[in-house]
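Q: Quick one: the structure is below, and I'll ask about it shortly.
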Amino acid sequence: MPSPRYWREIPQRYRLEASKCKGCGKVFFPPRLVCSSCKSREFEMVKLEREGKLITYTIIRVPPSQFTDQSPYAMGVVELNGGVKILSQIADCNLDKLEIGQKLRIEFRKIYNEGEAGIICYGYKCVPA
Amino acid sequence: MREVAIIGVGMNKWGELWNKSLRDVFTEAALLAIDDAGVDHIDSMYVGCMSSGLFVGQEHLSSLLADYLGTNPIPAARIESACASGGLALRLGFIEVASGTSDIVLAGGVEKMTDVAVDGATFALSTAADQEYEVYHGITFPGLYAMMARAHMHKYGTTREQLAQVAVKNHHNGSMNPLAQFPQKVTVENVMKSVMIADPLRILDCSPITDGAAAAILCPMDLAKKITKKPLVKIIGSGNATDTIALHSRDDITEIGSTKVAGEKAFKMAGKKPENIDLAEVHDCFTIAEICVIEALGLVDKGKGGKATEDGLTALDGKIPINTSGGLKSKGHPVGATGVAQVCEVVKQLRGEAGDRQIKGAKVGLTQNMGGSGGSSVVHIMEVV
């Protein structure tokens, strides 16, 4: 991955920075330039809530090549407190015991290695709370 | 707006076509459509293709394909909306004819997917999802649809067997389609015991990687009557809609909103209701997709797509036959070609040319083609006159 592409997402991947619409209060992650609800272009930076619940999930058994060393792994749609939904891996869990509705929290983790010449990519994963 | 007819359709045998190039695969299907229509020229063309750049390192298909079809210097455009590229190409061809800009327009689609290894194909397909907030975290397309399946099962009680029954039905239909990539019949047991890809979806819940193309020739109704003696199939409704590219951003993971809206637009334009549809070709890239789509189109009640499949309502002899061609599951899924191939099937059915899988007396057919996890959808309704 070219380093500018990685670097410019760091506020979201490392610090969970989202944008809250000054017009209607809707929170967007990642931030946007225009609100899809009220069309306002004024936002303030807010941080995502770190706790939420599992909406749906799967176990990836045939992964993209950069995730081969982690397979099989769980991924889910997580609704954070406050209503923002994200997609992330569910780490440190028993793959047979995931349940829709279960409580999760965000942790800062390594996402994947690009290999000897590439970047070590970091970001958020969820773990059982 | 002028009334628009489809006067010719063409599709070649789909599969792993290692001995054929992208340009030849497309040209074969285009020539079949031109011959079927009996036209001696075309005025303009649209080609749906999702990712020739990643699959074969070739862009600029407008020039390449018009050149190899021997139609330079006509205007041509390559259309991309992920797996809905073909349907969107047809819609733009429809609009061009309806507007009076051109008379005879070829709307085609092509994808050449087997020149890369599986990992290359997985990557190319993944570009239909959000690269930064879905793919970055390790999701795959089977994974996205698996999460829709899990949510549907949780919310509506859809069963694993009902998902399998979509595959069984579509492979049964595909066994009667000589152009299908996988015409083999499968049983519920075959599906349930096939390799797990992304729980709860197994390999036989997934559509395959395919090389293939399809094309249709459109022209104004008045001209159509002079050109062809075949039954005239008219496009009476066309709808296109978008939704968030990321699955997780949607209010309801089990609902394909873009299909719902595109369907409503198409039904309104056509002056038809779901109960007027005699057959539909829908985007069964995964078994769960067919269930969600027939619900979004209003062909069955919300949450009842699995039960409708189990009860045989969507079978060839059912109340609303779905994917008589075998669907993406059995016929194959060369992503850019799929939306046009769906139209080829509906035209064949409405003309009474669908062979063993013919729906007797079919008058009105629908196609639904979608991109990614439902970020875009195109719906067309056709009627034989």
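FYI, nothing fancy with the structure tokens labels: chains A, B, ... in order, residues from 1 per chain, ligands from 1 as they appear.
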Could you tell me, as an MDAnalysis selection string, which residues of region 320-371 of chain B DSSP assigns to strand (DSSP E or B) when given the backbone?
A: chainID B and resid 322 364:371
Q: Can you write out the residues you just picked, keeping N, CA and C atoms, as a compact mmCIF listing (two decimals), in the first residue's frame?
A:
```
# COMPACT_ATOMS: atom_id res chain seq x y z
N ILE B 322 -38.23 -18.12 -10.77
CA ILE B 322 -37.06 -17.25 -10.61
C ILE B 322 -35.84 -17.94 -11.20
N VAL B 364 -44.78 -11.21 -19.46
CA VAL B 364 -44.06 -10.11 -18.81
C VAL B 364 -42.92 -10.70 -17.97
N GLY B 365 -41.71 -10.20 -18.21
CA GLY B 365 -40.55 -10.70 -17.46
C GLY B 365 -39.77 -9.56 -16.84
N LEU B 366 -39.04 -9.88 -15.78
CA LEU B 366 -38.27 -8.86 -15.05
C LEU B 366 -36.83 -9.33 -14.90
N THR B 367 -35.90 -8.37 -14.95
CA THR B 367 -34.51 -8.67 -14.62
C THR B 367 -34.06 -7.74 -13.50
N GLN B 368 -33.23 -8.29 -12.61
CA GLN B 368 -32.66 -7.49 -11.51
C GLN B 368 -31.19 -7.83 -11.39
N ASN B 369 -30.36 -6.81 -11.51
CA ASN B 369 -28.90 -6.97 -11.55
C ASN B 369 -28.34 -6.02 -10.49
N MET B 370 -27.40 -6.52 -9.65
CA MET B 370 -26.90 -5.60 -8.62
C MET B 370 -25.40 -5.65 -8.47
N GLY B 371 -24.86 -4.54 -7.96
CA GLY B 371 -23.43 -4.40 -7.78
C GLY B 371 -23.04 -4.56 -6.32
```
Q: List every residue of chain B that has an atom at most 12 Å from any atom of chain A, giving for each one its closest atom pair and the distance in Å to one decimal, counting only C-alpha atoms, sorted by chain and then by ascending residue number, as JSON lines.
A:
```
{"residue": "B:Ala117", "atom": "CA", "partner": "A:Ser65", "partner_atom": "CA", "distance": 11.6}
{"residue": "B:Val118", "atom": "CA", "partner": "A:Pro64", "partner_atom": "CA", "distance": 9.7}
{"residue": "B:Asp119", "atom": "CA", "partner": "A:Pro64", "partner_atom": "CA", "distance": 6.7}
{"residue": "B:Gly120", "atom": "CA", "partner": "A:Pro64", "partner_atom": "CA", "distance": 9.3}
{"residue": "B:Ala121", "atom": "CA", "partner": "A:Pro64", "partner_atom": "CA", "distance": 10.3}
{"residue": "B:Thr122", "atom": "CA", "partner": "A:Pro64", "partner_atom": "CA", "distance": 7.1}
{"residue": "B:Phe123", "atom": "CA", "partner": "A:Pro64", "partner_atom": "CA", "distance": 7.4}
{"residue": "B:Ala124", "atom": "CA", "partner": "A:Pro64", "partner_atom": "CA", "distance": 11.1}
{"residue": "B:Leu125", "atom": "CA", "partner": "A:Pro64", "partner_atom": "CA", "distance": 11.2}
{"residue": "B:Ser126", "atom": "CA", "partner": "A:Pro64", "partner_atom": "CA", "distance": 9.4}
{"residue": "B:Ala129", "atom": "CA", "partner": "A:Leu87", "partner_atom": "CA", "distance": 11.9}
{"residue": "B:Asp130", "atom": "CA", "partner": "A:Leu87", "partner_atom": "CA", "distance": 10.6}
{"residue": "B:Gln131", "atom": "CA", "partner": "A:Arg5", "partner_atom": "CA", "distance": 11.1}
{"residue": "B:Glu132", "atom": "CA", "partner": "A:Glu9", "partner_atom": "CA", "distance": 8.1}
{"residue": "B:Tyr133", "atom": "CA", "partner": "A:Leu87", "partner_atom": "CA", "distance": 7.1}
{"residue": "B:Glu134", "atom": "CA", "partner": "A:Leu87", "partner_atom": "CA", "distance": 6.3}
{"residue": "B:Val135", "atom": "CA", "partner": "A:Pro64", "partner_atom": "CA", "distance": 9.0}
{"residue": "B:Tyr136", "atom": "CA", "partner": "A:Ile111", "partner_atom": "CA", "distance": 8.0}
{"residue": "B:His137", "atom": "CA", "partner": "A:Ser88", "partner_atom": "CA", "distance": 6.0}
{"residue": "B:Gly138", "atom": "CA", "partner": "A:Phe67", "partner_atom": "CA", "distance": 6.5}
{"residue": "B:Ile139", "atom": "CA", "partner": "A:Met75", "partner_atom": "CA", "distance": 7.2}
{"residue": "B:Thr140", "atom": "CA", "partner": "A:Pro63", "partner_atom": "CA", "distance": 7.0}
{"residue": "B:Phe141", "atom": "CA", "partner": "A:Pro63", "partner_atom": "CA", "distance": 10.2}
{"residue": "B:Pro142", "atom": "CA", "partner": "A:Ile60", "partner_atom": "CA", "distance": 8.5}
{"residue": "B:Gly143", "atom": "CA", "partner": "A:Thr58", "partner_atom": "CA", "distance": 6.2}
{"residue": "B:Leu144", "atom": "CA", "partner": "A:Thr58", "partner_atom": "CA", "distance": 8.1}
{"residue": "B:Tyr145", "atom": "CA", "partner": "A:Thr58", "partner_atom": "CA", "distance": 9.1}
{"residue": "B:Ala146", "atom": "CA", "partner": "A:Thr58", "partner_atom": "CA", "distance": 6.0}
{"residue": "B:Met147", "atom": "CA", "partner": "A:Tyr57", "partner_atom": "CA", "distance": 5.1}
{"residue": "B:Met148", "atom": "CA", "partner": "A:Thr56", "partner_atom": "CA", "distance": 7.5}
{"residue": "B:Ala149", "atom": "CA", "partner": "A:Thr56", "partner_atom": "CA", "distance": 8.9}
{"residue": "B:Arg150", "atom": "CA", "partner": "A:Thr56", "partner_atom": "CA", "distance": 6.2}
{"residue": "B:Ala151", "atom": "CA", "partner": "A:Thr56", "partner_atom": "CA", "distance": 5.5}
{"residue": "B:His152", "atom": "CA", "partner": "A:Thr56", "partner_atom": "CA", "distance": 9.3}
{"residue": "B:Met153", "atom": "CA", "partner": "A:Thr56", "partner_atom": "CA", "distance": 10.2}
{"residue": "B:His154", "atom": "CA", "partner": "A:Ile100", "partner_atom": "CA", "distance": 8.1}
{"residue": "B:Lys155", "atom": "CA", "partner": "A:Ile100", "partner_atom": "CA", "distance": 10.3}
{"residue": "B:Val195", "atom": "CA", "partner": "A:Arg61", "partner_atom": "CA", "distance": 9.5}
{"residue": "B:Met196", "atom": "CA", "partner": "A:Arg61", "partner_atom": "CA", "distance": 7.0}
{"residue": "B:Ile197", "atom": "CA", "partner": "A:Arg61", "partner_atom": "CA", "distance": 5.3}
{"residue": "B:Ala198", "atom": "CA", "partner": "A:Ile60", "partner_atom": "CA", "distance": 4.7}
{"residue": "B:Asp199", "atom": "CA", "partner": "A:Thr58", "partner_atom": "CA", "distance": 5.2}
{"residue": "B:Pro200", "atom": "CA", "partner": "A:Thr58", "partner_atom": "CA", "distance": 7.1}
{"residue": "B:Leu201", "atom": "CA", "partner": "A:Thr58", "partner_atom": "CA", "distance": 8.9}
{"residue": "B:Arg202", "atom": "CA", "partner": "A:Arg61", "partner_atom": "CA", "distance": 10.0}
{"residue": "B:Ile203", "atom": "CA", "partner": "A:Val62", "partner_atom": "CA", "distance": 10.3}
{"residue": "B:Asp243", "atom": "CA", "partner": "A:Ser36", "partner_atom": "CA", "distance": 11.2}
{"residue": "B:Thr244", "atom": "CA", "partner": "A:Ser36", "partner_atom": "CA", "distance": 10.2}
{"residue": "B:Ala246", "atom": "CA", "partner": "A:Leu87", "partner_atom": "CA", "distance": 8.8}
{"residue": "B:Leu247", "atom": "CA", "partner": "A:Leu87", "partner_atom": "CA", "distance": 8.5}
{"residue": "B:His248", "atom": "CA", "partner": "A:Val77", "partner_atom": "CA", "distance": 5.8}
{"residue": "B:Ser249", "atom": "CA", "partner": "A:Lys85", "partner_atom": "CA", "distance": 6.1}
{"residue": "B:Arg250", "atom": "CA", "partner": "A:Lys85", "partner_atom": "CA", "distance": 8.5}
{"residue": "B:Asp251", "atom": "CA", "partner": "A:Lys85", "partner_atom": "CA", "distance": 9.2}
{"residue": "B:Asp252", "atom": "CA", "partner": "A:Ile55", "partner_atom": "CA", "distance": 10.0}
{"residue": "B:Ile253", "atom": "CA", "partner": "A:Thr56", "partner_atom": "CA", "distance": 8.4}
{"residue": "B:Thr254", "atom": "CA", "partner": "A:Thr56", "partner_atom": "CA", "distance": 10.1}
```
Q: For the structure I just gave you, how does DSSP split region 1-127 of chain A - specifically, which residues are helix (DSSP H, G or I)? Reply as a list of chain:residue names.
A: A:Ser3, A:Pro4, A:Arg5, A:Tyr6, A:Trp7, A:Ile10, A:Pro11, A:Gln12, A:Arg13, A:Ser65, A:Gln66, A:Phe67, A:Thr68, A:Asp69, A:Gln70
Q: I'd like the contact shell of Gly157 (chain B) - 12 Å cut-off, only C-alpha atoms, skipping same-chain residues fewer than 6 positions apart - returned as a list in words.
A: Ala149, Arg150, Ala151, Leu163, Lys302, Gly303, Lys304, Gly305, Gly306 and Lys307 of chain B
Q: For the atom pair CA of Lys13 (chain B) and CA of Leu179 (chain B), what is the interatomic distance in Å to one decimal place?
A: 4.3 Å
Q: Env of Gly318 (chain B): 10 Å cut, atoms = only C-alpha atoms, seq-sep filter 4 positions within chain, self excluded. Answer as a list in words.
A: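 Here the qualifying residues turn out to be Leu279, Ala308, Thr309, Asp311, Gly312, Leu313, Thr314, Ile322 and Ile359 of chain B.
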Q: Please save C-alpha atoms of the selected residues as an mmCIF file, in the first residue's frame.
A:
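And here is the file that came out, result15.cif:
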```cif
data_model
loop_
_atom_site.group_PDB
_atom_site.id
_atom_site.type_symbol
_atom_site.label_atom_id
_atom_site.label_comp_id
_atom_site.auth_asym_id
_atom_site.auth_seq_id
_atom_site.Cartn_x
_atom_site.Cartn_y
_atom_site.Cartn_z
ATOM 1 C CA LEU B 279 -40.859 -14.803 -14.551
ATOM 2 C CA ALA B 308 -41.243 -19.368 -0.764
ATOM 3 C CA THR B 309 -38.242 -21.239 -2.179
ATOM 4 C CA ASP B 311 -42.521 -24.312 -0.981
ATOM 5 C CA GLY B 312 -41.605 -24.319 -4.691
ATOM 6 C CA LEU B 313 -43.157 -20.920 -5.452
ATOM 7 C CA THR B 314 -39.994 -19.873 -7.321
ATOM 8 C CA ILE B 322 -37.062 -17.249 -10.615
ATOM 9 C CA ILE B 359 -42.505 -20.920 -19.075
#
```
Q: What's around Ala296 (chain B) at 9 Å? Count only C-alpha atoms, leave out sequence neighbours fewer than 3 positions away in its own chain, and write the answer as a list in words.
A: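 My reading of the contact set: Glu255, Ile256, Gly257, Ser258, Thr259, Lys260, Val261, Gly263, Ile291, Cys292, Val293, Leu299, Val300, Asp301 and Lys302 of chain B.
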Q: If you keep C-alpha atoms, can you produce a file of those selected residues as a PDB file, in the first residue's frame?
A:
```pdb
ATOM      1  CA  GLU B 255     -32.859  -5.554   3.019  1.00  0.00           C
ATOM      2  CA  ILE B 256     -31.412  -4.645  -0.389  1.00  0.00           C
ATOM      3  CA  GLY B 257     -32.614  -1.062  -0.545  1.00  0.00           C
ATOM      4  CA  SER B 258     -31.216  -0.255  -3.981  1.00  0.00           C
ATOM      5  CA  THR B 259     -33.186  -3.148  -5.491  1.00  0.00           C
ATOM      6  CA  LYS B 260     -36.331  -2.061  -3.676  1.00  0.00           C
ATOM      7  CA  VAL B 261     -36.084   1.478  -5.076  1.00  0.00           C
ATOM      8  CA  GLY B 263     -37.854  -2.083  -8.636  1.00  0.00           C
ATOM      9  CA  ILE B 291     -33.911 -14.617  -1.148  1.00  0.00           C
ATOM     10  CA  CYS B 292     -33.261 -10.971  -0.236  1.00  0.00           C
ATOM     11  CA  VAL B 293     -33.845  -9.784  -3.808  1.00  0.00           C
ATOM     12  CA  LEU B 299     -42.361 -10.854  -5.538  1.00  0.00           C
ATOM     13  CA  VAL B 300     -42.711 -12.511  -2.122  1.00  0.00           C
ATOM     14  CA  ASP B 301     -43.430 -11.045   1.324  1.00  0.00           C
ATOM     15  CA  LYS B 302     -40.576  -9.639   3.385  1.00  0.00           C
TER      16      LYS B 302
END
```
Q: I want to know what sits within 6 Å of region 34-46 of chain A, based on only C-alpha atoms, with residues of the same chain fewer than 6 positions away left out; could you give that as a list of chain:residue names?
A: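 Skipping anything fewer than 6 positions along the chain leaves A:Glu17, A:Ala18, A:Ser19, A:Lys20, A:Cys21, A:Lys22, A:Gly23.
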Q: Take the selection from the previous step and output its residues with N, CA and C atoms, as a CSV table (one decimal), in the first residue's frame.
A:
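Printed below is result04.csv as written:
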```csv
chain,number,residue,atom,x,y,z
A,17,GLU,N,-11.5,8.7,14.9
A,17,GLU,CA,-12.1,10.0,14.7
A,17,GLU,C,-13.3,9.9,13.7
A,18,ALA,N,-14.4,10.4,14.2
A,18,ALA,CA,-15.6,10.5,13.3
A,18,ALA,C,-16.1,11.9,13.2
A,19,SER,N,-17.1,12.2,12.4
A,19,SER,CA,-17.6,13.5,12.3
A,19,SER,C,-19.1,13.6,12.6
A,20,LYS,N,-19.4,14.6,13.4
A,20,LYS,CA,-20.8,14.8,13.8
A,20,LYS,C,-21.4,16.0,13.1
A,21,CYS,N,-22.5,15.8,12.4
A,21,CYS,CA,-23.1,16.8,11.6
A,21,CYS,C,-23.7,17.9,12.6
A,22,LYS,N,-23.3,19.2,12.2
A,22,LYS,CA,-23.8,20.3,13.1
A,22,LYS,C,-25.3,20.6,12.8
A,23,GLY,N,-25.7,20.1,11.6
A,23,GLY,CA,-27.1,20.4,11.3
A,23,GLY,C,-28.1,19.4,12.0
```
Q: Rank B:Ala66, B:Ala270, B:Ala98, B:Ile217 by their smallest atom-to-atom distance to Asp36 (chain B), using only C-alpha atoms, and report the top residue only.
A: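 Using only C-alpha atoms, Asp36 (chain B) sits closest to B:Ile217.
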Q: One number please: CA of Gly52 (chain A) to CA of Gly83 (chain A), in Å, one decimal.
A: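 So the two atoms, CA of Gly52 (chain A) and CA of Gly83 (chain A), lie 8.7 Å apart.
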Q: Report as JSON, numbers by chain all protein, DNA and RNA residues lying within 10 Å of Val385 (chain B), evaluated on only C-alpha atoms, omitting residues in the same chain fewer than 5 positions from it.
A: {"B": [5, 231, 232, 233, 234, 350, 351, 363, 364]}
